[in-house]
Each structure stands twice: as C-alpha cells, then as structure tokens.
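K.L.:
Provided herewith: entry.txt, compact mmCIF, C-alpha atoms and all ligand atoms.
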# COMPACT_ATOMS: atom_id res chain seq x y z
CA ASP A 1 -133.52 150.67 72.37
CA ARG A 2 -134.61 151.82 68.92
CA PRO A 3 -132.26 153.63 66.54
CA LEU A 4 -133.04 157.23 65.63
CA ARG A 5 -134.04 156.45 62.05
CA GLU A 6 -136.66 153.99 63.24
CA LEU A 7 -138.07 156.48 65.73
CA ALA A 8 -138.08 159.25 63.11
CA GLY A 9 -140.39 157.29 60.83
CA ARG A 10 -141.12 158.38 57.28
CA GLN A 11 -141.72 162.14 57.58
CA LEU A 12 -138.35 163.10 59.04
CA LEU A 13 -134.88 162.69 57.64
CA ILE A 14 -132.45 162.16 60.47
CA GLY A 15 -128.94 162.52 59.17
CA THR A 16 -125.29 162.68 60.05
CA ALA A 17 -122.17 164.11 58.49
CA VAL A 18 -119.91 161.22 57.53
CA ASP A 19 -116.14 161.33 57.89
CA HIS A 20 -114.93 159.41 54.84
CA ALA A 21 -111.68 158.26 56.48
CA ALA A 22 -113.50 156.95 59.55
CA TYR A 23 -116.11 155.30 57.36
CA THR A 24 -113.36 153.47 55.49
CA SER A 25 -111.28 152.41 58.49
CA ASP A 26 -113.67 151.89 61.41
CA ALA A 27 -116.24 149.09 61.14
CA THR A 28 -118.11 150.14 64.29
CA TYR A 29 -118.50 153.67 62.93
CA ARG A 30 -119.57 152.36 59.54
CA ALA A 31 -122.22 150.06 61.00
CA ARG A 32 -123.63 152.79 63.20
CA VAL A 33 -123.98 155.25 60.30
CA GLY A 34 -126.18 152.68 58.60
CA THR A 35 -128.35 151.66 61.53
CA GLU A 36 -128.90 155.05 63.12
CA PHE A 37 -129.53 157.46 60.21
CA ASN A 38 -131.63 157.67 57.07
CA SER A 39 -129.68 160.56 55.55
CA ILE A 40 -125.99 161.43 55.23
CA THR A 41 -123.89 164.46 54.35
CA ALA A 42 -120.27 164.14 53.26
CA GLU A 43 -118.34 166.00 55.97
CA ASN A 44 -115.59 167.00 53.54
CA VAL A 45 -115.36 164.90 50.39
CA MET A 46 -117.82 166.88 48.25
CA LYS A 47 -115.98 170.14 48.96
CA TRP A 48 -114.15 171.86 46.14
CA GLU A 49 -110.61 171.26 47.44
CA VAL A 50 -111.32 167.52 47.47
CA VAL A 51 -113.18 167.17 44.17
CA GLU A 52 -110.81 169.32 42.10
CA PRO A 53 -107.38 169.29 43.79
CA GLU A 54 -105.66 170.18 40.50
CA ARG A 55 -107.34 172.46 38.04
CA GLY A 56 -109.45 170.46 35.60
CA GLN A 57 -108.82 167.12 37.35
CA LEU A 58 -112.05 166.02 38.94
CA ASP A 59 -111.95 163.39 41.66
CA PHE A 60 -115.30 162.22 42.95
CA SER A 61 -113.96 158.85 44.12
CA ALA A 62 -114.38 159.38 47.86
CA ALA A 63 -117.77 161.01 47.43
CA ASP A 64 -118.86 158.18 45.15
CA GLU A 65 -117.97 155.66 47.86
CA LEU A 66 -120.27 157.46 50.28
CA MET A 67 -123.00 157.61 47.62
CA THR A 68 -122.75 153.86 47.14
CA ALA A 69 -122.89 153.27 50.87
CA ALA A 70 -125.94 155.52 51.17
CA ARG A 71 -127.76 153.63 48.47
CA ARG A 72 -126.97 150.33 50.18
CA ASN A 73 -128.27 151.73 53.47
CA GLY A 74 -131.43 153.21 51.97
CA GLN A 75 -130.30 156.73 52.86
CA GLN A 76 -130.88 160.11 51.28
CA VAL A 77 -127.87 162.33 50.63
CA ARG A 78 -127.48 166.06 51.31
CA GLY A 79 -124.92 167.66 49.02
CA HIS A 80 -122.43 169.93 50.79
CA THR A 81 -121.33 172.41 49.48
CA LEU A 82 -120.97 174.34 46.17
CA VAL A 83 -119.98 177.94 46.85
CA TRP A 84 -118.10 178.67 50.07
CA HIS A 85 -115.03 180.66 51.12
CA ASN A 86 -113.33 177.74 52.91
CA GLN A 87 -111.73 174.54 51.65
CA LEU A 88 -111.16 175.97 48.20
CA PRO A 89 -108.37 174.40 46.13
CA ALA A 90 -105.01 176.17 46.39
CA TRP A 91 -104.82 176.61 42.61
CA LEU A 92 -107.98 178.70 42.75
CA THR A 93 -107.19 180.98 45.70
CA GLN A 94 -103.58 181.45 44.55
CA GLY A 95 -104.68 182.06 40.98
CA VAL A 96 -106.99 184.85 42.10
CA GLU A 97 -104.47 186.36 44.52
CA SER A 98 -101.70 186.46 41.94
CA GLY A 99 -103.97 187.97 39.32
CA ASP A 100 -103.61 184.96 37.00
CA ILE A 101 -107.37 184.40 37.23
CA ASP A 102 -109.47 187.49 36.54
CA ALA A 103 -113.14 188.00 37.39
CA THR A 104 -114.46 186.81 34.04
CA GLU A 105 -112.43 183.63 34.21
CA LEU A 106 -113.38 183.10 37.85
CA ARG A 107 -117.07 183.28 37.04
CA GLY A 108 -116.56 180.62 34.38
CA ILE A 109 -114.64 178.47 36.86
CA LEU A 110 -117.45 178.68 39.41
CA ARG A 111 -120.04 177.86 36.77
CA ARG A 112 -118.01 174.86 35.56
CA HIS A 113 -117.53 173.62 39.14
CA ILE A 114 -121.23 173.76 39.96
CA ILE A 115 -122.34 172.20 36.68
CA ASP A 116 -119.71 169.44 36.90
CA GLU A 117 -120.40 168.54 40.51
CA VAL A 118 -124.18 168.81 40.53
CA GLY A 119 -124.24 167.05 37.18
CA HIS A 120 -122.05 164.22 38.47
CA PHE A 121 -124.58 163.46 41.21
CA ARG A 122 -127.66 164.37 39.18
CA GLY A 123 -130.84 162.70 40.45
CA ARG A 124 -129.11 161.31 43.55
CA ILE A 125 -128.91 164.33 45.84
CA HIS A 126 -132.00 165.28 47.79
CA GLN A 127 -130.88 168.70 49.02
CA TRP A 128 -127.84 170.75 47.99
CA ASP A 129 -126.21 173.37 50.20
CA VAL A 130 -125.60 175.66 47.25
CA ALA A 131 -124.47 178.78 49.10
CA ASN A 132 -122.71 178.21 52.42
CA GLU A 133 -122.01 180.98 54.94
CA VAL A 134 -122.48 183.88 52.49
CA ILE A 135 -123.61 186.37 55.17
CA ASP A 136 -121.51 187.50 58.14
CA ASP A 137 -122.63 187.90 61.75
CA ASN A 138 -123.47 191.58 61.15
CA GLY A 139 -125.92 190.65 58.44
CA GLN A 140 -123.75 191.85 55.52
CA LEU A 141 -122.82 189.74 52.53
CA ARG A 142 -119.60 188.09 53.64
CA ASP A 143 -116.37 189.53 52.28
CA THR A 144 -115.06 186.60 50.20
CA ILE A 145 -113.28 186.18 46.89
CA TRP A 146 -116.72 185.52 45.38
CA LEU A 147 -118.23 188.80 46.50
CA ARG A 148 -115.06 190.80 45.81
CA GLU A 149 -114.47 189.40 42.33
CA LEU A 150 -117.99 188.66 41.07
CA GLY A 151 -120.25 190.99 43.04
CA PRO A 152 -123.45 189.99 44.87
CA GLY A 153 -124.96 188.35 41.78
CA TYR A 154 -122.78 185.27 42.28
CA ILE A 155 -125.36 183.85 44.69
CA ALA A 156 -128.22 183.96 42.18
CA ASP A 157 -125.89 182.59 39.50
CA ALA A 158 -124.88 179.65 41.71
CA PHE A 159 -128.50 178.64 42.29
CA ARG A 160 -129.37 178.97 38.62
CA TRP A 161 -126.43 176.83 37.54
CA ALA A 162 -127.20 174.19 40.16
CA HIS A 163 -130.83 174.04 39.09
CA GLN A 164 -129.82 173.70 35.47
CA ALA A 165 -127.59 170.73 36.34
CA ASP A 166 -130.17 168.93 38.52
CA PRO A 167 -133.70 170.34 38.29
CA ARG A 168 -135.03 167.99 40.96
CA ALA A 169 -132.60 168.74 43.76
CA LYS A 170 -133.79 171.10 46.50
CA LEU A 171 -131.39 174.01 46.64
CA PHE A 172 -130.48 175.52 50.02
CA LEU A 173 -128.93 178.55 51.63
CA ASN A 174 -127.01 177.36 54.71
CA ASP A 175 -125.27 179.11 57.61
CA TYR A 176 -124.47 179.13 61.33
CA ASN A 177 -125.87 181.54 63.93
CA VAL A 178 -129.19 181.65 62.11
CA GLU A 179 -131.22 179.27 64.30
CA GLY A 180 -132.99 182.11 66.11
CA ILE A 181 -134.21 185.54 65.11
CA SER A 182 -131.23 187.88 64.74
CA ALA A 183 -129.68 190.45 62.41
CA LYS A 184 -128.08 187.55 60.58
CA SER A 185 -131.26 185.51 60.07
CA ASP A 186 -133.09 188.74 59.17
CA ALA A 187 -130.49 189.30 56.46
CA TYR A 188 -131.07 185.78 55.15
CA LEU A 189 -134.78 186.43 55.05
CA ALA A 190 -134.16 189.56 52.98
CA LEU A 191 -131.75 187.67 50.72
CA ALA A 192 -134.24 184.82 50.21
CA ARG A 193 -137.00 187.30 49.41
CA ASP A 194 -134.77 189.09 46.95
CA LEU A 195 -133.73 185.86 45.21
CA LEU A 196 -137.33 184.65 44.96
CA ARG A 197 -138.40 188.00 43.55
CA GLN A 198 -135.82 187.46 40.79
CA ARG A 199 -137.24 183.96 40.24
CA VAL A 200 -134.01 182.34 41.37
CA PRO A 201 -134.52 178.62 42.12
CA VAL A 202 -133.92 178.62 45.86
CA HIS A 203 -135.92 176.02 47.77
CA GLY A 204 -134.61 175.83 51.29
CA PHE A 205 -133.01 177.48 54.28
CA GLY A 206 -130.63 175.47 56.45
CA ALA A 207 -129.55 176.42 59.95
CA GLN A 208 -126.33 174.60 60.74
CA GLY A 209 -126.98 174.37 64.47
CA HIS A 210 -123.46 174.61 65.87
CA TYR A 211 -124.15 175.33 69.51
CA GLY A 212 -121.97 175.54 72.63
CA VAL A 213 -123.30 174.94 76.15
CA GLN A 214 -121.36 177.98 77.40
CA TYR A 215 -123.32 180.30 75.10
CA GLY A 216 -126.84 179.11 75.88
CA PHE A 217 -129.49 178.19 73.36
CA HIS A 218 -132.60 179.63 71.78
CA SER A 219 -135.97 178.26 72.77
CA ALA A 220 -137.48 175.63 70.48
CA SER A 221 -140.37 177.99 69.79
CA GLU A 222 -137.97 180.73 68.66
CA VAL A 223 -136.27 178.33 66.25
CA ALA A 224 -139.69 177.27 64.92
CA ALA A 225 -140.82 180.90 64.63
CA ASN A 226 -137.65 181.75 62.74
CA PHE A 227 -138.13 178.82 60.38
CA ALA A 228 -141.77 179.83 59.89
CA ARG A 229 -140.62 183.16 58.41
CA PHE A 230 -138.77 181.30 55.66
CA GLU A 231 -141.57 178.79 55.19
CA LYS A 232 -143.96 181.67 54.62
CA LEU A 233 -141.87 182.57 51.57
CA GLY A 234 -142.35 179.03 50.31
CA LEU A 235 -139.02 177.58 51.44
CA GLU A 236 -138.33 174.31 53.19
CA THR A 237 -136.17 174.48 56.29
CA ALA A 238 -133.62 172.13 57.83
CA VAL A 239 -131.15 171.74 60.64
CA THR A 240 -128.04 170.73 58.74
CA GLU A 241 -125.03 170.45 61.07
CA ALA A 242 -126.17 170.12 64.67
CA ASP A 243 -123.56 169.70 67.37
CA VAL A 244 -123.26 171.10 70.88
CA ARG A 245 -119.72 171.58 72.08
CA MET A 246 -118.50 172.27 75.60
CA ILE A 247 -115.37 173.43 77.36
CA MET A 248 -113.46 170.32 78.38
CA PRO A 249 -113.49 168.32 80.56
CA THR A 250 -117.07 167.11 80.46
CA ASP A 251 -119.19 166.77 83.56
CA ASN A 252 -122.77 165.84 84.25
CA VAL A 253 -124.07 169.39 84.24
CA LYS A 254 -122.55 170.12 80.82
CA LEU A 255 -123.77 166.83 79.39
CA GLN A 256 -127.32 167.58 80.55
CA ALA A 257 -127.08 171.10 79.11
CA GLN A 258 -125.83 169.59 75.87
CA ALA A 259 -128.89 167.35 75.74
CA GLN A 260 -131.04 170.48 76.04
CA GLY A 261 -129.19 172.12 73.15
CA TYR A 262 -129.84 169.16 70.87
CA SER A 263 -133.41 169.03 72.09
CA VAL A 264 -134.04 172.67 71.16
CA LEU A 265 -132.77 172.10 67.62
CA LEU A 266 -134.80 168.96 67.06
CA GLN A 267 -137.95 170.34 68.68
CA GLY A 268 -137.53 173.61 66.77
CA CYS A 269 -137.43 171.60 63.56
CA LEU A 270 -140.39 169.42 64.51
CA LEU A 271 -142.47 172.41 65.59
CA ALA A 272 -141.89 174.06 62.22
CA ARG A 273 -144.16 173.06 59.35
CA ARG A 274 -141.64 172.39 56.60
CA CYS A 275 -138.54 171.21 58.44
CA ASN A 276 -138.23 167.58 57.45
CA SER A 277 -134.47 167.20 57.64
CA PHE A 278 -132.38 167.16 60.82
CA THR A 279 -128.68 166.38 60.48
CA VAL A 280 -125.98 166.13 63.15
CA TRP A 281 -122.39 167.06 62.29
CA GLY A 282 -120.93 163.71 63.29
CA PHE A 283 -122.40 161.42 65.92
CA THR A 284 -119.48 160.20 68.00
CA ASP A 285 -116.87 162.14 69.97
CA LYS A 286 -114.33 159.74 68.48
CA TYR A 287 -114.43 161.76 65.25
CA SER A 288 -115.28 165.43 65.51
CA TRP A 289 -114.11 168.67 63.97
CA VAL A 290 -114.57 170.50 67.28
CA PRO A 291 -111.28 169.85 69.15
CA GLY A 292 -109.32 170.86 66.04
CA TRP A 293 -111.23 174.11 65.57
CA PHE A 294 -112.13 175.34 69.06
CA GLU A 295 -109.26 175.23 71.51
CA GLY A 296 -110.11 173.47 74.75
CA GLU A 297 -113.56 172.40 73.54
CA GLY A 298 -114.94 169.03 72.53
CA ALA A 299 -117.40 166.25 73.33
CA ALA A 300 -119.93 167.82 70.95
CA ASN A 301 -121.67 164.68 69.71
CA LEU A 302 -124.45 162.27 70.68
CA LEU A 303 -122.25 159.27 71.48
CA ASP A 304 -118.96 159.25 73.39
CA GLU A 305 -115.61 158.02 72.00
CA ASN A 306 -116.67 154.43 72.68
CA PHE A 307 -120.01 154.85 70.90
CA ALA A 308 -121.89 154.84 74.23
CA ALA A 309 -125.06 156.94 74.33
CA LYS A 310 -124.76 160.31 76.09
CA PRO A 311 -127.76 162.16 77.60
CA ALA A 312 -128.13 164.03 74.29
CA TYR A 313 -128.77 160.78 72.44
CA ARG A 314 -131.40 159.73 74.97
CA GLU A 315 -133.01 163.14 74.66
CA LEU A 316 -133.34 162.85 70.87
CA GLN A 317 -134.86 159.40 71.32
CA ALA A 318 -137.34 160.86 73.80
CA VAL A 319 -138.31 163.75 71.48
CA LEU A 320 -138.73 161.49 68.45
C1 LIG B 1 -115.78 171.24 58.80
C2 LIG B 1 -115.38 169.77 58.87
O1 LIG B 1 -116.14 169.16 59.89
C3 LIG B 1 -113.90 169.65 59.16
O2 LIG B 1 -113.49 168.28 59.11
C4 LIG B 1 -113.11 170.48 58.18
O3 LIG B 1 -111.73 170.45 58.53
C5 LIG B 1 -113.60 171.90 58.15
O4 LIG B 1 -114.97 171.93 57.87
N1 LIG B 1 -119.58 174.65 58.70
C6 LIG B 1 -119.67 173.87 57.57
C7 LIG B 1 -118.91 172.60 57.48
O5 LIG B 1 -120.46 174.19 56.68
O6 LIG B 1 -118.53 172.29 56.16
C8 LIG B 1 -117.70 172.61 58.38
O7 LIG B 1 -117.11 171.31 58.35
C9 LIG B 1 -118.09 173.02 59.77
C10 LIG B 1 -118.67 174.41 59.79
Will you turn the file into structure tokens for me?

P.N.:
Amino acid sequence: DRPLRELAGRQLLIGTAVDHAAYTSDATYRARVGTEFNSITAENVMKWEVVEPERGQLDFSAADELMTAARRNGQQVRGHTLVWHNQLPAWLTQGVESGDIDATELRGILRRHIIDEVGHFRGRIHQWDVANEVIDDNGQLRDTIWLRELGPGYIADAFRWAHQADPRAKLFLNDYNVEGISAKSDAYLALARDLLRQRVPVHGFGAQGHYGVQYGFHSASEVAANFARFEKLGLETAVTEADVRMIMPTDNVKLQAQAQGYSVLLQGCLLARRCNSFTVWGFTDKYSWVPGWFEGEGAANLLDENFAAKPAYRELQAVL
C-alpha cells in the first residue's frame, strides 16, 4: 500500500491543504500529511485576515510553522492567496466601507501586503495563487472592493508586485468552476491573454476542483483540453483544491461517484502537458470546510474521519 507521493514520483506534485489547528493538535493527521504528500498549501494561515489581523501588525507565525514542517518533510509549498474578496481583515473592509481608506490608500495597502507577504516567504514558495476568484460565473470580473475601488488594473498590479518580491515563484490565477470549457474559463483565457500581452508576469492557471457528486463532472479529456488552451499561451496549469462533496449521508453509490470525480481531476491533469501540481483541499473527512459551508453536505475527502481509505483514495492510487 504505497502512499500517493511515492506513486506520484518526481514529475508530479501531489499536495494537500493543511489545517494549521489540526496539524498542531492531531498527531495522526500530522504524520499523514508528511507521508502522503510532497506539497502543501496553507488552508487559511497565509490569508490576509490571519497575517495582518491589525493594520501594520504582521503575524506569519502559523504560516512559518507550516513552512518549517514542509521543509522537514521535503515538501514544496503553494502560497495561497494574495488578492481575494474573502477572509480580508476587518480593519480593511471596514476602513473602505466607512470611507476612511480611499482608493489611493487602498492601492498602497494592497501593494504593501503583497510585497510584505511574498517577500517574507521569498525563495520558499513554488507557486503563488496571486489572484483568487477574480471572475464570476458569468465570466465578468467579479464585483469586489478591489474592482470597485481600483478598477480592473489591480490584477496586473498584483502580479507585478508579487514578481518583484519573489522573481522565482510561479504566479497563478486560481478559481472554481473553471475545470471544463465554459463562459468562465473562456473569460480566464481572455484575461490571461490580455495580461500576457501587457507583459504581466503570470505563469499559471489553477482550477480549484471543488466538485459535488450531485452535479456531475466533466470528462478527463475536457479538463485536459481546457488546460491545453492555457498551456498554449505558455502557462502552467494545476488542480489546486480538489474535493468532491456529497449530500449526506454517504452510501456506496455516492462514494463510487466521488472516486470518479477525483479520477477526472487527476486524469485531466495528467493528460495535460504542463499540469504538474495536483492538490486536494484536505484529505480526511475529520477536517473539512464542506459541512460548514454547504448545508447538508460533507464527506468530500479521500479518507474518512478515522483516516481509513475511501474508494476515492484507491482510485487515485490506481491512476498514479
Ligand atoms: C476555505 C477554507 O477551507 C475554510 O477553512 C475557510 O473558512 C474558508 O475558506 N476557495 C478557496 C479557499 O480558494 O481558500 C477556500 O478555503 C475554499 C474555496
């Protein structure tokens, strides 16, 4: 029974999001992160609300603990995430809402944030999710404080600042509902083209891969064909947050369908030419964002609450 990182070999990064609290408190979880994966993403502790809870007071302590663990485990780290509309510190959102922070100041705050954070981890982050979820499901730039206050140029700015702070990190666009070919992934293709035309340092396109068995999946060949469009522009691709949720309770049919969902994402990545990074958004149902975010849904991960392998885990082993 070989762990995923052993089966993946040298070409493929096989990663997981890591829950810092679970990593600290649960020895079984901690051990499994190390044995099973050769890449990690901080599930929350590199997000803005965590690293700058009070304005000007940076706190990278939790993220640094994960960095140390990754080094010990011989793991790469994906940085997540620099500009997003969620998990922003209250001082920032309230400052903008009240009018205390105007657009000029906000742009400086975003620049400072990116340079501070990317600079803090300089040389130690393999891929950064620079811009997260910046397009909505209709294919329009998402209506966020960034777009409203700074205009569409904030995306190019974010990549430029990140590149300045760590010229070796691969800089990614990242979103959900972009695994297949759709209005949303078309819009990303147009955005990527536009950024590259302006010589913006964008290096990768990440599809999060949040699936649900009740919605059905793409085919692996569609995922690969979608990724190929971005690769043709010169970008790398990645699956960055794979999980496959289901309406609870679980049963055999749903667990088999879930295995197929994971299989599509991994095969899609492996069929593509420049997808060398496949990350799951947590690996055990013991710790998952799904029940807290999708009412009545759960069991989205590869292992159950007792760390026993589900059909999805066996399927990934079989594909690798
Ligand atoms: C989620 C985390 O898993 C939760 O713990 C947190 O409460 C909210 O954010 N897309 C992303 C991730 O890019 O950062 C999100 O992570 C899940 C959706």

K.L.:
Given only C-alpha atoms and all ligand atoms as the basis, pick out the residue of A:His210, A:His163, A:Lys170, A:Arg112 nearest to ligand LIG 1 (chain B).

P.N.:
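Using only C-alpha atoms and all ligand atoms, the shortest distance to ligand LIG 1 (chain B) belongs to A:His210.
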
K.L.:
Choose the residue, out of A:Ala207, A:Ala228, A:Leu147, A:Leu233, that has the smallest atom-to-atom separation from ligand LIG 1 (chain B); count only C-alpha atoms and all ligand atoms.

P.N.:
A:Ala207

K.L.:
Please, what distance in Å, to one decimal, runs between CA of Asn132 in chain A and CA of Lys47 in chain A?

P.N.:
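Value for the CA of Asn132 in chain A-CA of Lys47 in chain A distance: 11.1 Å.
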
K.L.:
Kindly indicate which residue among A:Tyr154, A:Tyr176, A:Tyr313, A:Tyr211 lies nearest to Asp1 in chain A, using only C-alpha atoms for the distances.

P.N.:
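Between A:Tyr154, A:Tyr176, A:Tyr313, A:Tyr211, the residue approaching Asp1 in chain A most closely is A:Tyr313.
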
K.L.:
Using only C-alpha atoms, which residues sit within 8 Å of range 15-27 of chain A once same-chain residues fewer than 2 positions away are excluded, as a VMD selection string?

P.N.:
chain A and resid 13 29 to 31 33 37 to 45 62 66 241 277 to 283 287

K.L.:
For CA of Pro89 in chain A and CA of Arg55 in chain A, determine how far apart the two atoms are, in Å to one decimal place.

P.N.:
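Atom-to-atom, CA of Pro89 in chain A to CA of Arg55 in chain A, that is 8.4 Å.
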
K.L.:
Using all atoms listed in the file, what residues lie at most 6 Å away from (-128.8, 172.6, 48.2) (file coordinates), given as a list in words?

P.N.:
Gln127, Trp128, Asp129, Val130, Lys170, Leu171 and Phe172 of chain A

K.L.:
Can I get the selected residues back with C-alpha atoms, as a CSV table (one decimal), keeping the file's coordinate frame?

P.N.:
chain,number,residue,atom,x,y,z
A,127,GLN,CA,-130.9,168.7,49.0
A,128,TRP,CA,-127.8,170.8,48.0
A,129,ASP,CA,-126.2,173.4,50.2
A,130,VAL,CA,-125.6,175.7,47.2
A,170,LYS,CA,-133.8,171.1,46.5
A,171,LEU,CA,-131.4,174.0,46.6
A,172,PHE,CA,-130.5,175.5,50.0
